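Engineer: Pasting a structure below so you can have a look.
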Amino acid sequence: MKERVSRPIAVLGGTGPAGRGLALRWARAGETVIIGSRDAARAQQTAEAIRKRAGADAEVSGMENSSACAASDLLVLTVPFEGQAALLKQLKPAIRVGSVLIDATVPLAASVGGRASRTLGVWQGSAAQQAAEVVPKGVSVVAAFQNVSAEVLNGDEDVDGDVIVCSDDPQATQVAMELAAKISRVRAIDGGKLENARIVEQITALLIGLNIRHKGHGGIRITGLPDSAYLTKSQAD
Ligand SMILES: NC(=O)c1ccc[n+]([C@@H]2O[C@H](COP(=O)([O-])OP(=O)(O)OC[C@H]3O[C@@H](n4cnc5c(N)ncnc54)[C@H](OP(=O)(O)O)[C@@H]3O)[C@@H](O)[C@H]2O)c1
């Protein structure tokens, strides 16, 4: 019997490739997922498409982003960098105190018409730290999933990659690590403080460059750490 994370996972911006892919993986793992969107109808259509792929028992619904925030205190943010801060400001009244917000945003230069293989400088240090500055007090921000290709997440193969999880709140780190490890073959690693998100976000730009150069969908694996550093699916279930 799979153990659930006990609360729905609300994926804000879940209509895009990154959010859809994560939602699909969690739905397949037996989690209850809410797709959030600026448009409730688009969220419901995406939820329906994920349900069809994930199987008859999959629990996936769709709603407007603020309703999704009101419906869960476990939030995953998958929107482009250019919309991240403004969306969080708009959602502030709807985000519940005590929520965990897992941010997958990468500040790609493509956001301002530049190359996807370059990043933008963010005053706060990283997109995740920018998010932490905007969310209401009492909300823990975690950075994760920046290095997992949406193309791979939306496929049917196991995901060959590690997810580095960064946060200043150890309990929130643990929650995000368990979510990451729900994805088949993914290993979650505690990456330390939220400020380390700056490095993890940069790796995505490198991966995009490698993917363009070699025509692939690369991820990362961290080798050589003791077994205790990795959280895997068999431990998370
Ligand atoms: N794609 C990948 O392989 C990948 C991998 C790791 C991390 N990421 C990161 O994850 C995030 C999402 O990636 P993606 O490729 O899924 O992005 P995307 O398709 O460009 O956007 C995802 C969703 O965000 C919403 N959105 C778009 N612009 C917005 C705005 N200005 N304000 C509020 N919401 C907006 C849209 O949903 P609605 O219109 O339905 O609201 C859209 O479907 C990005 O920050 C990206 O860097 C992506």
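Chains: A, B, ... in order of the structure tokens. Residues: from 1 per chain. Ligands: from 1, in order shown.
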Taking only C-alpha atoms and all ligand atoms and a cut-off of 7 Å, can you tell me which residues surround ligand 1, written as a PyMOL selection string?

Structural biologist: chain A and resi 13-19+37-39+42-43+78-84+86-87+104-108+145-151

Engineer: Restricted to C-alpha atoms, what would the selected residues look like written as a PDB file, in the first residue's frame?

Structural biologist:
ATOM      1  CA  GLY A  13       0.789  27.056 -13.363  1.00  0.00           C
ATOM      2  CA  GLY A  14       0.161  23.332 -13.709  1.00  0.00           C
ATOM      3  CA  THR A  15      -1.091  23.695 -17.288  1.00  0.00           C
ATOM      4  CA  GLY A  16       2.461  24.066 -18.656  1.00  0.00           C
ATOM      5  CA  PRO A  17       4.854  21.212 -19.456  1.00  0.00           C
ATOM      6  CA  ALA A  18       6.739  21.291 -16.131  1.00  0.00           C
ATOM      7  CA  GLY A  19       3.621  21.376 -13.927  1.00  0.00           C
ATOM      8  CA  SER A  37      -4.179  28.024 -13.670  1.00  0.00           C
ATOM      9  CA  ARG A  38      -5.136  31.636 -14.258  1.00  0.00           C
ATOM     10  CA  ASP A  39      -8.115  30.139 -16.051  1.00  0.00           C
ATOM     11  CA  ARG A  42      -7.918  25.458 -18.745  1.00  0.00           C
ATOM     12  CA  ALA A  43      -7.023  23.887 -15.393  1.00  0.00           C
ATOM     13  CA  THR A  78       5.709  26.067 -12.105  1.00  0.00           C
ATOM     14  CA  VAL A  79       5.364  29.379 -13.919  1.00  0.00           C
ATOM     15  CA  PRO A  80       7.876  31.289 -16.061  1.00  0.00           C
ATOM     16  CA  PHE A  81      10.213  33.606 -14.159  1.00  0.00           C
ATOM     17  CA  GLU A  82       8.669  36.713 -15.729  1.00  0.00           C
ATOM     18  CA  GLY A  83       5.310  35.913 -14.093  1.00  0.00           C
ATOM     19  CA  GLN A  84       6.533  34.457 -10.798  1.00  0.00           C
ATOM     20  CA  ALA A  86       3.495  39.108  -9.831  1.00  0.00           C
ATOM     21  CA  LEU A  87       1.516  35.872  -9.528  1.00  0.00           C
ATOM     22  CA  ALA A 104      10.692  25.114  -9.648  1.00  0.00           C
ATOM     23  CA  THR A 105      11.205  28.484 -11.329  1.00  0.00           C
ATOM     24  CA  VAL A 106      14.400  29.089 -13.276  1.00  0.00           C
ATOM     25  CA  PRO A 107      15.273  32.715 -14.170  1.00  0.00           C
ATOM     26  CA  LEU A 108      16.121  31.974 -17.784  1.00  0.00           C
ATOM     27  CA  PHE A 145      12.731  20.213  -9.539  1.00  0.00           C
ATOM     28  CA  GLN A 146      14.599  22.842 -11.591  1.00  0.00           C
ATOM     29  CA  ASN A 147      16.886  20.207 -13.143  1.00  0.00           C
ATOM     30  CA  VAL A 148      14.231  17.693 -14.248  1.00  0.00           C
ATOM     31  CA  SER A 149      13.203  17.934 -17.883  1.00  0.00           C
ATOM     32  CA  ALA A 150       9.475  18.386 -18.483  1.00  0.00           C
ATOM     33  CA  GLU A 151       9.856  16.304 -21.630  1.00  0.00           C
TER      34      GLU A 151
END

Engineer: Report the residues of range 123-195 of chain A whose backbone DSSP state falls under strand (DSSP E or B), written as a PDB file with N, CA and C atoms, in the first residue's frame.

Structural biologist:
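Contents of states.pdb, as written:
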ATOM      1  N   SER A 140       6.752  28.530   4.101  1.00  0.00           N
ATOM      2  CA  SER A 140       8.126  28.052   3.866  1.00  0.00           C
ATOM      3  C   SER A 140       8.338  27.805   2.388  1.00  0.00           C
ATOM      4  N   VAL A 141       9.387  28.412   1.850  1.00  0.00           N
ATOM      5  CA  VAL A 141       9.705  28.217   0.427  1.00  0.00           C
ATOM      6  C   VAL A 141      10.827  27.186   0.295  1.00  0.00           C
ATOM      7  N   VAL A 142      10.619  26.291  -0.642  1.00  0.00           N
ATOM      8  CA  VAL A 142      11.600  25.248  -0.963  1.00  0.00           C
ATOM      9  C   VAL A 142      11.907  25.375  -2.446  1.00  0.00           C
ATOM     10  N   ALA A 143      13.165  25.205  -2.819  1.00  0.00           N
ATOM     11  CA  ALA A 143      13.521  25.175  -4.242  1.00  0.00           C
ATOM     12  C   ALA A 143      13.780  23.724  -4.636  1.00  0.00           C
ATOM     13  N   ASP A 162      18.505  13.160 -10.238  1.00  0.00           N
ATOM     14  CA  ASP A 162      18.404  13.523  -8.822  1.00  0.00           C
ATOM     15  C   ASP A 162      17.752  14.896  -8.703  1.00  0.00           C
ATOM     16  N   VAL A 163      17.046  15.097  -7.608  1.00  0.00           N
ATOM     17  CA  VAL A 163      16.432  16.398  -7.334  1.00  0.00           C
ATOM     18  C   VAL A 163      17.080  16.969  -6.075  1.00  0.00           C
ATOM     19  N   ILE A 164      17.710  18.114  -6.238  1.00  0.00           N
ATOM     20  CA  ILE A 164      18.356  18.771  -5.096  1.00  0.00           C
ATOM     21  C   ILE A 164      17.348  19.731  -4.470  1.00  0.00           C
ATOM     22  N   VAL A 165      17.146  19.581  -3.175  1.00  0.00           N
ATOM     23  CA  VAL A 165      16.092  20.320  -2.474  1.00  0.00           C
ATOM     24  C   VAL A 165      16.741  21.317  -1.515  1.00  0.00           C
ATOM     25  N   CYS A 166      16.399  22.587  -1.667  1.00  0.00           N
ATOM     26  CA  CYS A 166      17.012  23.634  -0.839  1.00  0.00           C
ATOM     27  C   CYS A 166      15.937  24.427  -0.095  1.00  0.00           C
ATOM     28  N   SER A 167      16.139  24.597   1.188  1.00  0.00           N
ATOM     29  CA  SER A 167      15.193  25.407   1.973  1.00  0.00           C
ATOM     30  C   SER A 167      15.821  25.778   3.307  1.00  0.00           C
ATOM     31  N   ARG A 187      16.034  10.365  -7.075  1.00  0.00           N
ATOM     32  CA  ARG A 187      16.546  10.394  -5.711  1.00  0.00           C
ATOM     33  C   ARG A 187      16.541  11.844  -5.257  1.00  0.00           C
ATOM     34  N   ALA A 188      16.033  12.077  -4.062  1.00  0.00           N
ATOM     35  CA  ALA A 188      16.016  13.438  -3.518  1.00  0.00           C
ATOM     36  C   ALA A 188      17.212  13.609  -2.595  1.00  0.00           C
ATOM     37  N   ILE A 189      17.836  14.782  -2.689  1.00  0.00           N
ATOM     38  CA  ILE A 189      19.019  15.083  -1.870  1.00  0.00           C
ATOM     39  C   ILE A 189      18.797  16.430  -1.176  1.00  0.00           C
ATOM     40  N   ASP A 190      19.053  16.466   0.120  1.00  0.00           N
ATOM     41  CA  ASP A 190      18.969  17.737   0.858  1.00  0.00           C
ATOM     42  C   ASP A 190      20.142  18.608   0.418  1.00  0.00           C
TER      43      ASP A 190
END

Engineer: Do you know which residues are at most 10 Å from range 118-127 of chain A counting only C-alpha atoms, after dropping those on the same chain fewer than 4 positions away, and could you put them as a PyMOL selection string?

Structural biologist: chain A and resi 81+84-85+103-112+114+131-133+143+194-206+208-209

Engineer: Take the residues that were just selected and, keeping N, CA, C and O atoms, output them as a compact mmCIF listing (two decimals), in the first residue's frame.

Structural biologist:
# COMPACT_ATOMS: atom_id res chain seq x y z
N PHE A 81 9.65 32.62 -15.08
CA PHE A 81 10.21 33.61 -14.16
C PHE A 81 9.53 34.97 -14.29
O PHE A 81 9.27 35.64 -13.30
N GLN A 84 6.48 35.05 -12.14
CA GLN A 84 6.53 34.46 -10.80
C GLN A 84 6.15 35.43 -9.68
O GLN A 84 5.24 35.18 -8.89
N ALA A 85 6.85 36.57 -9.60
CA ALA A 85 6.64 37.48 -8.47
C ALA A 85 5.24 38.08 -8.52
O ALA A 85 4.54 38.16 -7.49
N ASP A 103 9.21 25.75 -5.19
CA ASP A 103 9.38 26.58 -6.38
C ASP A 103 10.33 25.92 -7.37
O ASP A 103 11.47 25.59 -7.02
N ALA A 104 9.85 25.73 -8.59
CA ALA A 104 10.69 25.11 -9.65
C ALA A 104 11.17 26.15 -10.65
O ALA A 104 11.78 25.81 -11.67
N THR A 105 10.92 27.42 -10.36
CA THR A 105 11.20 28.48 -11.33
C THR A 105 12.70 28.62 -11.62
O THR A 105 13.52 28.60 -10.71
N VAL A 106 13.02 28.79 -12.88
CA VAL A 106 14.40 29.09 -13.28
C VAL A 106 14.39 30.45 -13.98
O VAL A 106 13.60 30.67 -14.90
N PRO A 107 15.27 31.38 -13.55
CA PRO A 107 15.27 32.71 -14.17
C PRO A 107 16.03 32.72 -15.50
O PRO A 107 17.13 33.27 -15.60
N LEU A 108 15.45 32.08 -16.49
CA LEU A 108 16.12 31.97 -17.78
C LEU A 108 16.10 33.32 -18.50
O LEU A 108 15.11 34.06 -18.43
N ALA A 109 17.19 33.60 -19.22
CA ALA A 109 17.25 34.85 -19.98
C ALA A 109 16.17 34.88 -21.06
O ALA A 109 15.77 35.96 -21.52
N ALA A 110 15.67 33.70 -21.44
CA ALA A 110 14.60 33.63 -22.43
C ALA A 110 13.37 34.42 -21.97
O ALA A 110 12.58 34.89 -22.79
N SER A 111 13.24 34.61 -20.66
CA SER A 111 12.11 35.39 -20.11
C SER A 111 12.08 36.81 -20.65
O SER A 111 11.04 37.44 -20.70
N VAL A 112 13.29 37.33 -20.99
CA VAL A 112 13.34 38.70 -21.50
C VAL A 112 13.87 38.73 -22.93
O VAL A 112 14.49 39.70 -23.37
N GLY A 114 16.16 36.69 -24.21
CA GLY A 114 17.53 36.18 -24.36
C GLY A 114 17.55 34.68 -24.60
O GLY A 114 16.54 34.07 -24.92
N ALA A 131 10.90 34.40 -4.48
CA ALA A 131 9.59 33.89 -4.03
C ALA A 131 9.46 34.03 -2.52
O ALA A 131 8.43 34.47 -2.00
N ALA A 132 10.54 33.69 -1.81
CA ALA A 132 10.50 33.74 -0.34
C ALA A 132 10.25 35.16 0.16
O ALA A 132 9.66 35.36 1.22
N GLU A 133 10.70 36.13 -0.61
CA GLU A 133 10.51 37.53 -0.22
C GLU A 133 9.05 37.97 -0.42
O GLU A 133 8.58 38.88 0.23
N ALA A 143 13.17 25.21 -2.82
CA ALA A 143 13.52 25.17 -4.24
C ALA A 143 13.78 23.72 -4.64
O ALA A 143 14.54 23.03 -3.96
N LEU A 194 18.23 27.69 1.35
CA LEU A 194 17.54 28.19 0.16
C LEU A 194 18.51 28.96 -0.75
O LEU A 194 18.34 28.96 -1.97
N GLU A 195 19.51 29.59 -0.17
CA GLU A 195 20.44 30.37 -1.01
C GLU A 195 21.17 29.49 -2.04
O GLU A 195 21.63 29.98 -3.06
N ASN A 196 21.24 28.18 -1.76
CA ASN A 196 21.90 27.28 -2.72
C ASN A 196 21.06 27.09 -4.00
O ASN A 196 21.56 26.56 -5.00
N ALA A 197 19.82 27.54 -3.95
CA ALA A 197 18.96 27.47 -5.15
C ALA A 197 19.62 28.23 -6.30
O ALA A 197 19.43 27.91 -7.47
N ARG A 198 20.38 29.23 -5.94
CA ARG A 198 21.07 30.03 -6.97
C ARG A 198 21.93 29.13 -7.87
O ARG A 198 21.97 29.28 -9.08
N ILE A 199 22.62 28.20 -7.24
CA ILE A 199 23.50 27.29 -8.00
C ILE A 199 22.66 26.28 -8.78
O ILE A 199 22.92 26.02 -9.95
N VAL A 200 21.64 25.75 -8.12
CA VAL A 200 20.81 24.71 -8.76
C VAL A 200 20.08 25.29 -9.98
O VAL A 200 19.99 24.64 -11.02
N GLU A 201 19.61 26.52 -9.85
CA GLU A 201 18.92 27.16 -10.99
C GLU A 201 19.88 27.34 -12.17
O GLU A 201 19.50 27.16 -13.33
N GLN A 202 21.14 27.68 -11.87
CA GLN A 202 22.13 27.87 -12.95
C GLN A 202 22.37 26.58 -13.71
O GLN A 202 22.62 26.59 -14.92
N ILE A 203 22.32 25.46 -12.98
CA ILE A 203 22.57 24.16 -13.63
C ILE A 203 21.56 23.92 -14.75
O ILE A 203 21.88 23.32 -15.78
N THR A 204 20.35 24.41 -14.56
CA THR A 204 19.32 24.20 -15.59
C THR A 204 19.73 24.85 -16.91
O THR A 204 19.54 24.27 -17.98
N ALA A 205 20.30 26.04 -16.82
CA ALA A 205 20.75 26.72 -18.05
C ALA A 205 21.82 25.89 -18.74
O ALA A 205 21.82 25.75 -19.97
N LEU A 206 22.72 25.30 -17.94
CA LEU A 206 23.75 24.43 -18.51
C LEU A 206 23.10 23.22 -19.18
O LEU A 206 23.46 22.85 -20.31
N ILE A 208 20.12 22.96 -20.42
CA ILE A 208 19.44 23.36 -21.66
C ILE A 208 20.45 23.48 -22.80
O ILE A 208 20.23 23.01 -23.92
N GLY A 209 21.61 24.08 -22.50
CA GLY A 209 22.67 24.19 -23.50
C GLY A 209 23.14 22.81 -23.96
O GLY A 209 23.31 22.57 -25.16

Engineer: Could you please determine the separation between CA of Leu179 in chain A and CA of Ser61 in chain A in Å, to one decimal place?

Structural biologist: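 Spanning CA of Leu179 in chain A to CA of Ser61 in chain A is a straight-line distance of 18.3 Å.
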
Engineer: Restricting the calculation to only C-alpha atoms: of A:Val134, A:Val159, A:Ala23, A:Ala128, which residue gets closest to Arg53 in chain A?

Structural biologist: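 For Arg53 in chain A, the nearest of the given residues is A:Ala23.
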
Engineer: Among range 83-115 of chain A, which ones does DSSP assign to helix (DSSP H, G or I) (computed from the backbone)? Answer as a list in words.

Structural biologist: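 Result set for range 83-115 of chain A (helix (DSSP H, G or I)): Gly83, Gln84, Ala85, Ala86, Leu87, Leu88, Lys89, Gln90, Leu91, Lys92, Pro93, Ala94, Ala109, Ala110, Ser111 and Val112 of chain A.
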
Engineer: Give me the residues within 6 Å of Leu74 in chain A as a compact mmCIF listing (two decimals) with C-alpha atoms, in the first residue's frame, counting only C-alpha atoms and dropping any in the same chain fewer than 5 places off.

Structural biologist:
# COMPACT_ATOMS: atom_id res chain seq x y z
CA ILE A 9 -0.60 18.85 -4.03
CA SER A 99 1.90 26.40 3.64
CA VAL A 100 4.94 24.88 1.97
